[in-house]
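Q: input38.cif is reproduced in full below (mmCIF, C-alpha atoms).
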```
data_my_file
#
loop_
_atom_site.label_atom_id
_atom_site.label_comp_id
_atom_site.auth_asym_id
_atom_site.auth_seq_id
_atom_site.Cartn_x
_atom_site.Cartn_y
_atom_site.Cartn_z
CA MET A 1 -77.94 -14.30 21.02
CA PRO A 2 -76.06 -12.64 18.20
CA LEU A 3 -73.25 -14.52 16.49
CA THR A 4 -69.73 -13.11 16.74
CA PHE A 5 -66.91 -13.78 14.30
CA LYS A 6 -63.22 -13.58 15.16
CA PRO A 7 -60.95 -12.29 12.39
CA LYS A 8 -58.59 -14.81 10.88
CA ARG A 9 -55.22 -13.31 11.80
CA LYS A 10 -53.10 -16.43 11.66
CA LYS A 11 -52.54 -16.17 7.94
CA ASN A 12 -51.68 -12.48 8.25
CA ARG A 13 -49.21 -13.25 11.04
CA ILE A 14 -47.54 -15.91 8.88
CA SER A 15 -47.25 -13.44 6.01
CA ALA A 16 -45.68 -10.82 8.26
CA VAL A 17 -43.18 -13.34 9.59
CA MET A 18 -42.30 -14.42 6.05
CA ILE A 19 -41.81 -10.82 4.95
CA SER A 20 -39.60 -10.13 7.97
CA ALA A 21 -37.57 -13.28 7.29
CA ILE A 22 -37.09 -12.34 3.64
CA ALA A 23 -36.07 -8.81 4.63
CA LEU A 24 -33.52 -10.20 7.06
CA LEU A 25 -32.16 -12.54 4.41
CA ILE A 26 -31.79 -9.63 1.99
CA LEU A 27 -30.04 -7.54 4.62
CA ALA A 28 -27.76 -10.46 5.47
CA ALA A 29 -26.95 -10.98 1.78
CA VAL A 30 -26.18 -7.28 1.32
CA GLY A 31 -24.04 -7.31 4.47
CA TYR A 32 -22.19 -10.42 3.30
CA TRP A 33 -21.52 -8.86 -0.10
CA TYR A 34 -20.35 -5.59 1.46
CA VAL A 35 -17.95 -7.20 3.93
CA PHE A 36 -16.79 -10.39 2.22
CA ILE A 37 -17.08 -9.58 -1.49
CA ALA A 38 -16.61 -5.83 -1.68
CA GLY A 39 -14.19 -5.92 1.25
CA ALA A 40 -16.00 -3.26 3.32
CA PRO A 41 -14.87 -0.43 1.02
CA GLN A 42 -14.62 3.20 2.05
CA LEU A 43 -18.06 4.76 1.95
CA ASP A 44 -17.03 8.37 1.48
CA THR A 45 -13.79 8.35 -0.49
CA PRO A 46 -13.62 10.78 -3.45
CA PRO A 47 -13.70 9.25 -6.96
CA PRO A 48 -10.49 8.93 -9.00
CA GLU A 49 -9.42 12.19 -10.60
CA GLU A 50 -8.24 12.38 -14.19
CA VAL A 51 -5.10 14.49 -14.34
CA ALA A 52 -3.63 15.68 -17.64
CA GLY A 53 -0.19 14.21 -18.22
CA ILE A 54 -0.34 11.86 -15.24
CA ASN A 55 -2.04 8.64 -16.31
CA PHE A 56 -2.59 5.35 -14.54
CA GLN A 57 -2.37 2.11 -16.50
CA VAL A 58 -2.23 -1.61 -15.74
CA LYS A 59 0.43 -3.86 -17.23
CA SER A 60 1.08 -7.59 -16.94
CA PHE A 61 4.12 -9.83 -17.16
CA TYR A 62 5.09 -13.41 -16.40
CA SER A 63 6.53 -14.01 -12.92
CA ASN A 64 8.83 -17.02 -12.63
CA ALA A 65 8.48 -16.97 -8.86
CA MET A 66 4.67 -17.20 -9.00
CA ALA A 67 4.62 -19.27 -12.25
CA GLU A 68 1.84 -17.12 -13.67
CA GLN A 69 0.98 -13.80 -15.27
CA ARG A 70 0.91 -10.96 -12.73
CA GLN A 71 -0.45 -7.43 -12.99
CA TYR A 72 0.88 -4.14 -11.72
CA GLY A 73 -0.28 -0.56 -11.95
CA VAL A 74 2.06 2.14 -13.20
CA VAL A 75 2.03 5.91 -13.39
CA LEU A 76 4.70 7.33 -15.66
CA PRO A 77 6.30 10.67 -14.75
CA PRO A 78 5.10 13.74 -16.68
CA GLY A 79 6.92 14.18 -19.97
CA TYR A 80 8.31 10.66 -19.93
CA GLU A 81 7.90 10.21 -23.69
CA LYS A 82 9.37 13.64 -24.46
CA HIS A 83 12.65 12.97 -22.69
CA PRO A 84 13.93 9.63 -24.07
CA LYS A 85 17.36 9.96 -22.46
CA ARG A 86 16.17 10.84 -18.99
CA ARG A 87 16.14 8.24 -16.22
CA TYR A 88 13.88 8.28 -13.19
CA PRO A 89 13.70 7.18 -9.55
CA VAL A 90 11.20 4.41 -8.70
CA ILE A 91 8.60 4.10 -5.95
CA PHE A 92 6.77 0.83 -5.20
CA LEU A 93 3.39 1.09 -3.44
CA LEU A 94 2.00 -2.06 -1.78
CA HIS A 95 -1.73 -2.36 -1.11
CA GLY A 96 -3.27 -3.72 2.08
CA GLY A 97 -5.71 -6.54 2.71
CA HIS A 98 -8.39 -7.23 0.09
CA GLY A 99 -6.65 -4.90 -2.34
CA ASP A 100 -5.06 -5.07 -5.76
CA GLU A 101 -2.97 -3.10 -8.24
CA ARG A 102 -5.74 -0.51 -8.74
CA ASP A 103 -6.17 0.52 -5.10
CA TYR A 104 -3.90 3.55 -5.12
CA TYR A 105 -5.59 4.91 -8.23
CA ILE A 106 -9.23 4.19 -7.39
CA LYS A 107 -9.15 4.72 -3.62
CA ALA A 108 -6.09 6.85 -2.81
CA GLY A 109 -6.23 9.31 -5.71
CA ILE A 110 -2.57 8.79 -6.56
CA THR A 111 -2.68 10.87 -9.78
CA ALA A 112 -4.07 13.95 -8.01
CA THR A 113 -1.58 13.50 -5.17
CA LEU A 114 1.32 13.33 -7.62
CA LYS A 115 0.10 16.42 -9.46
CA ASN A 116 0.12 18.36 -6.20
CA LEU A 117 3.57 17.08 -5.18
CA TYR A 118 5.11 17.81 -8.57
CA GLN A 119 3.66 21.32 -8.66
CA LYS A 120 5.03 22.09 -5.20
CA GLN A 121 8.37 20.43 -6.09
CA LYS A 122 8.14 18.11 -3.10
CA LEU A 123 8.83 15.04 -5.22
CA PRO A 124 10.93 14.76 -8.38
CA ALA A 125 9.26 13.10 -11.36
CA ALA A 126 9.24 9.37 -10.56
CA LEU A 127 7.95 6.03 -11.76
CA MET A 128 5.14 4.78 -9.53
CA ILE A 129 4.74 0.98 -9.47
CA MET A 130 1.75 -0.67 -7.76
CA PRO A 131 1.92 -4.47 -7.83
CA ASP A 132 -0.91 -6.90 -7.24
CA GLY A 133 0.52 -8.26 -4.00
CA ASN A 134 -1.98 -11.07 -3.51
CA ASP A 135 -0.70 -14.61 -3.14
CA GLN A 136 -2.12 -17.68 -4.86
CA ARG A 137 -5.23 -17.63 -2.66
CA GLY A 138 -6.31 -14.40 -4.32
CA THR A 139 -7.83 -11.39 -2.62
CA SER A 140 -10.24 -11.84 0.28
CA PRO A 141 -11.29 -10.05 3.49
CA PHE A 142 -10.69 -13.36 5.29
CA TRP A 143 -6.91 -12.90 5.04
CA ASP A 144 -4.24 -10.34 4.25
CA SER A 145 -1.69 -10.82 1.51
CA ASP A 146 1.36 -12.89 2.51
CA TYR A 147 4.21 -10.58 1.57
CA PHE A 148 6.81 -13.33 1.84
CA ASP A 149 7.82 -16.60 0.20
CA GLY A 150 5.57 -19.24 1.70
CA ALA A 151 3.10 -22.02 1.06
CA ASN A 152 0.80 -19.66 -0.84
CA GLY A 153 3.42 -18.44 -3.28
CA LYS A 154 6.76 -16.67 -3.51
CA VAL A 155 5.36 -13.17 -3.26
CA ALA A 156 8.57 -11.61 -1.93
CA THR A 157 10.67 -12.98 -4.80
CA TYR A 158 8.00 -11.98 -7.32
CA ILE A 159 8.10 -8.35 -6.12
CA ALA A 160 11.78 -7.91 -5.25
CA GLU A 161 13.25 -9.94 -8.12
CA ASP A 162 10.82 -10.50 -10.98
CA LEU A 163 9.00 -7.17 -10.85
CA VAL A 164 12.18 -5.16 -10.28
CA LYS A 165 13.68 -6.78 -13.41
CA GLU A 166 10.48 -6.13 -15.35
CA VAL A 167 10.49 -2.45 -14.38
CA LYS A 168 14.16 -2.03 -15.32
CA VAL A 169 13.53 -3.62 -18.73
CA GLN A 170 10.33 -1.74 -19.53
CA PHE A 171 11.22 1.72 -18.19
CA ARG A 172 14.16 4.10 -17.92
CA THR A 173 15.13 3.84 -14.28
CA ILE A 174 18.05 5.09 -12.22
CA GLU A 175 19.97 1.96 -11.24
CA ASP A 176 21.24 3.26 -7.89
CA SER A 177 19.21 1.70 -5.02
CA HIS A 178 19.22 5.07 -3.22
CA TYR A 179 16.67 6.17 -5.80
CA TRP A 180 14.34 3.23 -5.19
CA ALA A 181 11.67 3.41 -2.46
CA MET A 182 9.02 0.99 -1.24
CA GLY A 183 6.07 1.64 1.04
CA GLY A 184 2.51 0.68 1.76
CA LEU A 185 -0.49 0.82 4.03
CA SER A 186 -1.58 -1.61 6.75
CA SER A 187 -0.40 -5.10 5.69
CA GLY A 188 1.23 -3.48 2.66
CA ALA A 189 3.32 -1.38 5.05
CA TRP A 190 4.50 -4.53 6.78
CA GLY A 191 5.17 -6.05 3.36
CA ALA A 192 7.28 -3.10 2.23
CA PHE A 193 9.63 -3.48 5.19
CA ASN A 194 9.49 -7.27 5.18
CA ILE A 195 10.57 -7.42 1.54
CA GLY A 196 12.61 -4.26 1.23
CA LEU A 197 14.90 -4.67 4.23
CA ARG A 198 16.03 -8.00 2.77
CA HIS A 199 16.91 -6.35 -0.54
CA LEU A 200 18.92 -3.28 0.39
CA ASP A 201 20.81 -3.73 -2.85
CA LYS A 202 17.55 -2.70 -4.57
CA PHE A 203 15.70 -0.43 -2.10
CA THR A 204 16.90 1.90 0.66
CA ILE A 205 13.91 4.17 1.35
CA PHE A 206 10.82 2.77 3.09
CA PHE A 207 7.52 4.12 4.38
CA SER A 208 4.59 2.82 6.38
CA HIS A 209 1.05 4.06 6.92
CA THR A 210 -0.72 2.40 9.89
CA GLY A 211 1.41 -0.72 9.57
CA TYR A 212 2.70 -3.47 11.83
CA PHE A 213 6.14 -5.02 12.08
CA ILE A 214 5.78 -8.35 13.85
CA ASP A 215 3.87 -10.91 11.81
CA LYS A 216 1.92 -13.91 13.07
CA SER A 217 3.85 -16.14 10.65
CA GLY A 218 6.92 -15.81 12.86
CA ALA A 219 10.21 -14.04 13.49
CA GLU A 220 11.42 -14.77 9.96
CA ASN A 221 8.77 -12.35 8.64
CA SER A 222 8.91 -9.76 11.40
CA PRO A 223 10.96 -6.69 10.37
CA GLN A 224 11.13 -5.46 13.95
CA LEU A 225 13.11 -8.58 14.85
CA PHE A 226 15.33 -9.17 11.83
CA VAL A 227 16.25 -5.49 11.38
CA THR A 228 18.58 -5.97 14.35
CA GLN A 229 20.62 -8.40 12.22
CA ILE A 230 21.36 -5.83 9.52
CA SER A 231 24.97 -4.66 9.50
CA GLN A 232 25.99 -1.21 10.72
CA ALA A 233 27.03 -0.21 7.21
CA GLU A 234 23.65 -1.15 5.76
CA ARG A 235 21.77 0.54 8.59
CA ARG A 236 23.34 3.86 7.63
CA ARG A 237 21.83 3.56 4.14
CA ILE A 238 18.25 3.07 5.33
CA ARG A 239 15.73 5.93 5.46
CA ALA A 240 12.29 5.21 6.94
CA TYR A 241 9.01 7.10 7.35
CA LEU A 242 6.34 5.84 9.77
CA ASP A 243 2.90 7.14 10.65
CA ALA A 244 -0.10 5.84 12.58
CA GLY A 245 -3.54 7.09 13.58
CA GLU A 246 -4.57 8.13 17.06
CA GLY A 247 -7.66 5.96 16.71
CA ASP A 248 -5.63 2.86 15.78
CA GLU A 249 -4.39 1.70 19.17
CA LYS A 250 -2.96 -1.60 17.91
CA TYR A 251 -1.20 -0.10 14.88
CA LEU A 252 -0.12 2.99 16.80
CA ASP A 253 1.55 0.86 19.47
CA ALA A 254 3.17 -1.35 16.82
CA THR A 255 4.52 1.64 14.89
CA ARG A 256 5.80 3.38 18.00
CA ASP A 257 7.60 0.20 19.09
CA PHE A 258 9.25 -0.16 15.68
CA HIS A 259 10.27 3.51 15.74
CA LYS A 260 12.01 2.94 19.09
CA VAL A 261 13.89 -0.06 17.69
CA LEU A 262 15.04 1.94 14.68
CA ASP A 263 16.17 4.77 16.94
CA ARG A 264 18.09 2.35 19.14
CA LEU A 265 19.85 0.91 16.08
CA GLY A 266 20.74 4.35 14.77
CA ILE A 267 18.55 3.97 11.66
CA TYR A 268 17.29 7.29 10.34
CA ASN A 269 13.49 7.48 10.61
CA GLU A 270 10.63 9.92 11.02
CA PHE A 271 7.58 8.95 13.08
CA ARG A 272 4.31 10.88 13.02
CA VAL A 273 0.93 10.47 14.68
CA PHE A 274 -2.20 11.83 13.01
CA PRO A 275 -5.93 11.83 13.83
CA GLY A 276 -7.92 8.81 12.63
CA GLY A 277 -6.80 5.41 11.41
CA HIS A 278 -8.41 2.27 9.96
CA GLY A 279 -12.14 2.40 9.21
CA ILE A 280 -14.73 2.91 6.47
CA VAL A 281 -16.32 6.31 7.14
CA GLY A 282 -14.84 9.63 8.22
CA GLN A 283 -12.57 12.46 7.12
CA ASP A 284 -9.53 10.93 8.82
CA VAL A 285 -10.50 7.28 8.49
CA GLY A 286 -9.49 4.47 6.14
CA TRP A 287 -8.73 5.53 2.59
CA ASN A 288 -9.34 9.16 3.49
CA TYR A 289 -6.52 8.83 6.04
CA TRP A 290 -4.20 7.03 3.61
CA ARG A 291 -4.99 9.39 0.75
CA LYS A 292 -4.21 12.42 2.90
CA HIS A 293 -0.97 11.12 4.37
CA LEU A 294 0.39 9.64 1.17
CA THR A 295 1.41 13.26 0.59
CA ASP A 296 3.52 13.12 3.76
CA SER A 297 5.27 9.86 2.94
CA LEU A 298 5.99 10.78 -0.68
CA SER A 299 7.28 14.18 0.42
CA PHE A 300 9.64 12.31 2.74
CA VAL A 301 10.75 10.14 -0.20
CA GLY A 302 11.32 13.29 -2.26
CA ARG A 303 13.56 14.74 0.45
CA GLN A 304 15.63 11.56 0.52
CA PHE A 305 16.03 11.60 -3.27
CA GLN A 306 17.13 15.22 -3.08
CA HIS A 307 19.50 14.47 -0.20
CA ILE A 308 21.29 11.70 -2.08
CA HIS A 309 21.29 13.83 -5.23
CA THR A 310 23.05 16.61 -3.35
CA GLN A 311 25.52 14.16 -1.86
CA LYS A 312 26.35 12.54 -5.17
CA LYS A 313 26.18 15.80 -7.15
CA HIS A 314 24.61 14.10 -10.16
CA GLN A 315 22.06 15.84 -12.36
CA HIS A 316 19.46 13.06 -12.42
CA PHE A 317 16.53 15.45 -12.12
#
```
Take the structure in the file and write it out as structure tokens.
A:
Amino acid sequence: MPLTFKPKRKKNRISAVMISAIALLILAAVGYWYVFIAGAPQLDTPPPEEVAGINFQVKSFYSNAMAEQRQYGVVLPPGYEKHPKRRYPVIFLLHGGHGDERDYYIKAGITATLKNLYQKQKLPAALMIMPDGNDQRGTSPFWDSDYFDGANGKVATYIAEDLVKEVKVQFRTIEDSHYWAMGGLSSGAWGAFNIGLRHLDKFTIFFSHTGYFIDKSGAENSPQLFVTQISQAERRRIRAYLDAGEGDEKYLDATRDFHKVLDRLGIYNEFRVFPGGHGIVGQDVGWNYWRKHLTDSLSFVGRQFQHIHTQKKHQHF
């Protein structure tokens, strides 16, 4: 009777299992890095564009409120150095979760957007200020920035007091608060209203892209609630722009609700709904959405600057 031999497959099976396990570990590590380290960045956003005469730079200063050095991005208006007696309006841009002072340059193409707006005369030459809005925990996809004074740092005071003073010292600004605007995206949109509405002596124009207006930290940090406590006289000074994406049910509902409150209070505001919303891939998604509609919000800001300029009949720009 002939002898038969069975192939030894056990070792091969163990090797295959080990290879599969290693592959899964690599995929898990890549996924962890992408989500928790890189912050699930936009996959298809265009690269930053270098624009002649419109340059982004990062500056730092010491914040008493945060008791540390803080950074902020700045884009000077075209011809700033050539017109030493000219003063300019100011626009603060607040980033969202897992962001920093470079977001609007790297991900939102702020220099190219400004070039387009200036060429079409939809925005007067302005100082663009982009603070690092992270609290003392730093930036992480596990949490959004706390745009208020709390256990993790006095972020609101740092932005509304320390940074405003820094900007006024370092640059030639128009002092009038009607020429100061603050806006942001997602949690930065909430932050802009949460900070700005408490400092109407410094800011009167606000804008939000896919934001929310009631915060989990409570009523004290929920603009939709405390805006009702603002006096009638101050309400008349406020100008607000709001937009949200059709695909962002939570943020769309939140923005629509805030719009209704502003309408009820007689606060001037514009509310728009566009395709898309939060996300990481798609023409109308994530940073592609915010990049596109930053043109809308800054055009709104430009109209408000022009409106107050016409009212006051000053030749600021």
Q: If the PyMOL selection byres ((chain A and resi 95-97) around 12) is run on the structure shown, which residues does it catch, given as JSON, numbers by chain?
A: {"A": [36, 38, 39, 40, 41, 72, 73, 92, 93, 94, 98, 99, 100, 101, 102, 103, 104, 105, 106, 107, 108, 129, 130, 131, 132, 133, 134, 135, 138, 139, 140, 141, 142, 143, 144, 145, 146, 147, 182, 183, 184, 185, 186, 187, 188, 189, 190, 191, 192, 208, 209, 210, 211, 212, 278, 286, 287, 290]}
Q: May I ask for the distance between CA of Gln119 in chain A and CA of Phe171 in chain A, given in Å to one decimal place?
A: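 Separation between CA of Gln119 in chain A and CA of Phe171 in chain A: 23.1 Å.
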Q: Would you compute the distance between CA of Ile159 in chain A and CA of His259 in chain A? Give it in Å to one decimal.
A: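 Interatomic distance, CA of Ile159 in chain A to CA of His259 in chain A: 25.0 Å.
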Q: When you look at range 60-63 of chain A with a cut-off of 8 Å (counting all atoms listed in the file), what residues show up, excluding the ones that are within fewer than 4 positions of it in the same chain? I need them as a list in words.
A: Ala67, Glu68, Gln69, Arg70, Gln71, Tyr72, Tyr158, Asp162, Leu163 and Glu166 of chain A
Q: Store the residues picked out above, limited to C-alpha atoms, as a short mmCIF file (atom, residue, chain, number, x, y, z; two decimals), keeping the file's coordinate frame.
A:
```
data_model
loop_
_atom_site.label_atom_id
_atom_site.label_comp_id
_atom_site.auth_asym_id
_atom_site.auth_seq_id
_atom_site.Cartn_x
_atom_site.Cartn_y
_atom_site.Cartn_z
CA ALA A 67 4.62 -19.27 -12.25
CA GLU A 68 1.84 -17.12 -13.67
CA GLN A 69 0.98 -13.80 -15.27
CA ARG A 70 0.91 -10.96 -12.73
CA GLN A 71 -0.45 -7.43 -12.99
CA TYR A 72 0.88 -4.14 -11.72
CA TYR A 158 8.00 -11.98 -7.32
CA ASP A 162 10.82 -10.50 -10.98
CA LEU A 163 9.00 -7.17 -10.85
CA GLU A 166 10.48 -6.13 -15.35
#
```
Q: Would you mind reading off the distance between CA of Ser297 in chain A and CA of Ser231 in chain A, one decimal, in Å?
A: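 Value for the CA of Ser297 in chain A-CA of Ser231 in chain A distance: 25.3 Å.
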Q: Of the residues A:Gly53, A:Pro89, A:Gly302, A:Pro124, which is the one nearest to Lys168 in chain A, using all atoms listed in the file?
A: A:Pro89
Q: Would you please work out which residue, of A:Gln224, A:Glu246, A:Asn288, A:Val301, is nearest to Lys260 in chain A when using only C-alpha atoms?
A: A:Gln224
Q: Tell me which of A:Leu298, A:Tyr80, A:Gly247, A:Phe213 sits closest to Gly282 in chain A, counting all atoms listed in the file.
A: A:Gly247
Q: With all atoms listed in the file as the basis for distance, which of A:Thr295, A:Arg256, A:Glu234, A:Glu249 is at the shortest distance from Lys115 in chain A?
A: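 Looking at the shortest contact to Lys115 in chain A, the residue is A:Thr295.
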Q: Have a look at A:Asn269, A:Asn152, A:Gln136, A:Gln121 and name the one nearest to Tyr241 in chain A; count all atoms listed in the file.
A: A:Asn269
Q: Neighbours of Asp201 in chain A within 10 Å (only C-alpha atoms; same-chain residues fewer than 2 positions away dropped), as a list in words?
A: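 Non-adjacent residues within range: Asp176, Ser177, His178, Trp180, Gly196, Leu197, Arg198, His199, Phe203, Thr204 and Glu234 of chain A.
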Q: Identify all residues satisfying the PyMOL selection byres ((chain A and resi 55) around 9) in the given file; provide them as a list in words.
A: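 On this input, the PyMOL selection byres ((chain A and resi 55) around 9) captures Glu50, Val51, Ala52, Gly53, Ile54, Phe56, Gln57, Val74, Val75, Leu76, Pro77, Pro78 and Thr111 of chain A.
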Q: Return the padded bounding box of range 204-216 of chain A as JSON: axis-aligned, built from all atoms listed in the file, 8 Å added on each side, with centre and edge lengths in Å to one decimal.
A:
```
{"center_x": 8.1, "center_y": -4.9, "center_z": 7.3, "size_x": 33.6, "size_y": 34.1, "size_z": 29.2}
```
Q: When distances are computed from all atoms listed in the file, which of A:Ala254, A:Ala126, A:Ile205, A:Leu265 shows the smallest separation from Arg239 in chain A?
A: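 Checking each candidate against Arg239 in chain A, we get A:Ile205 as the closest.
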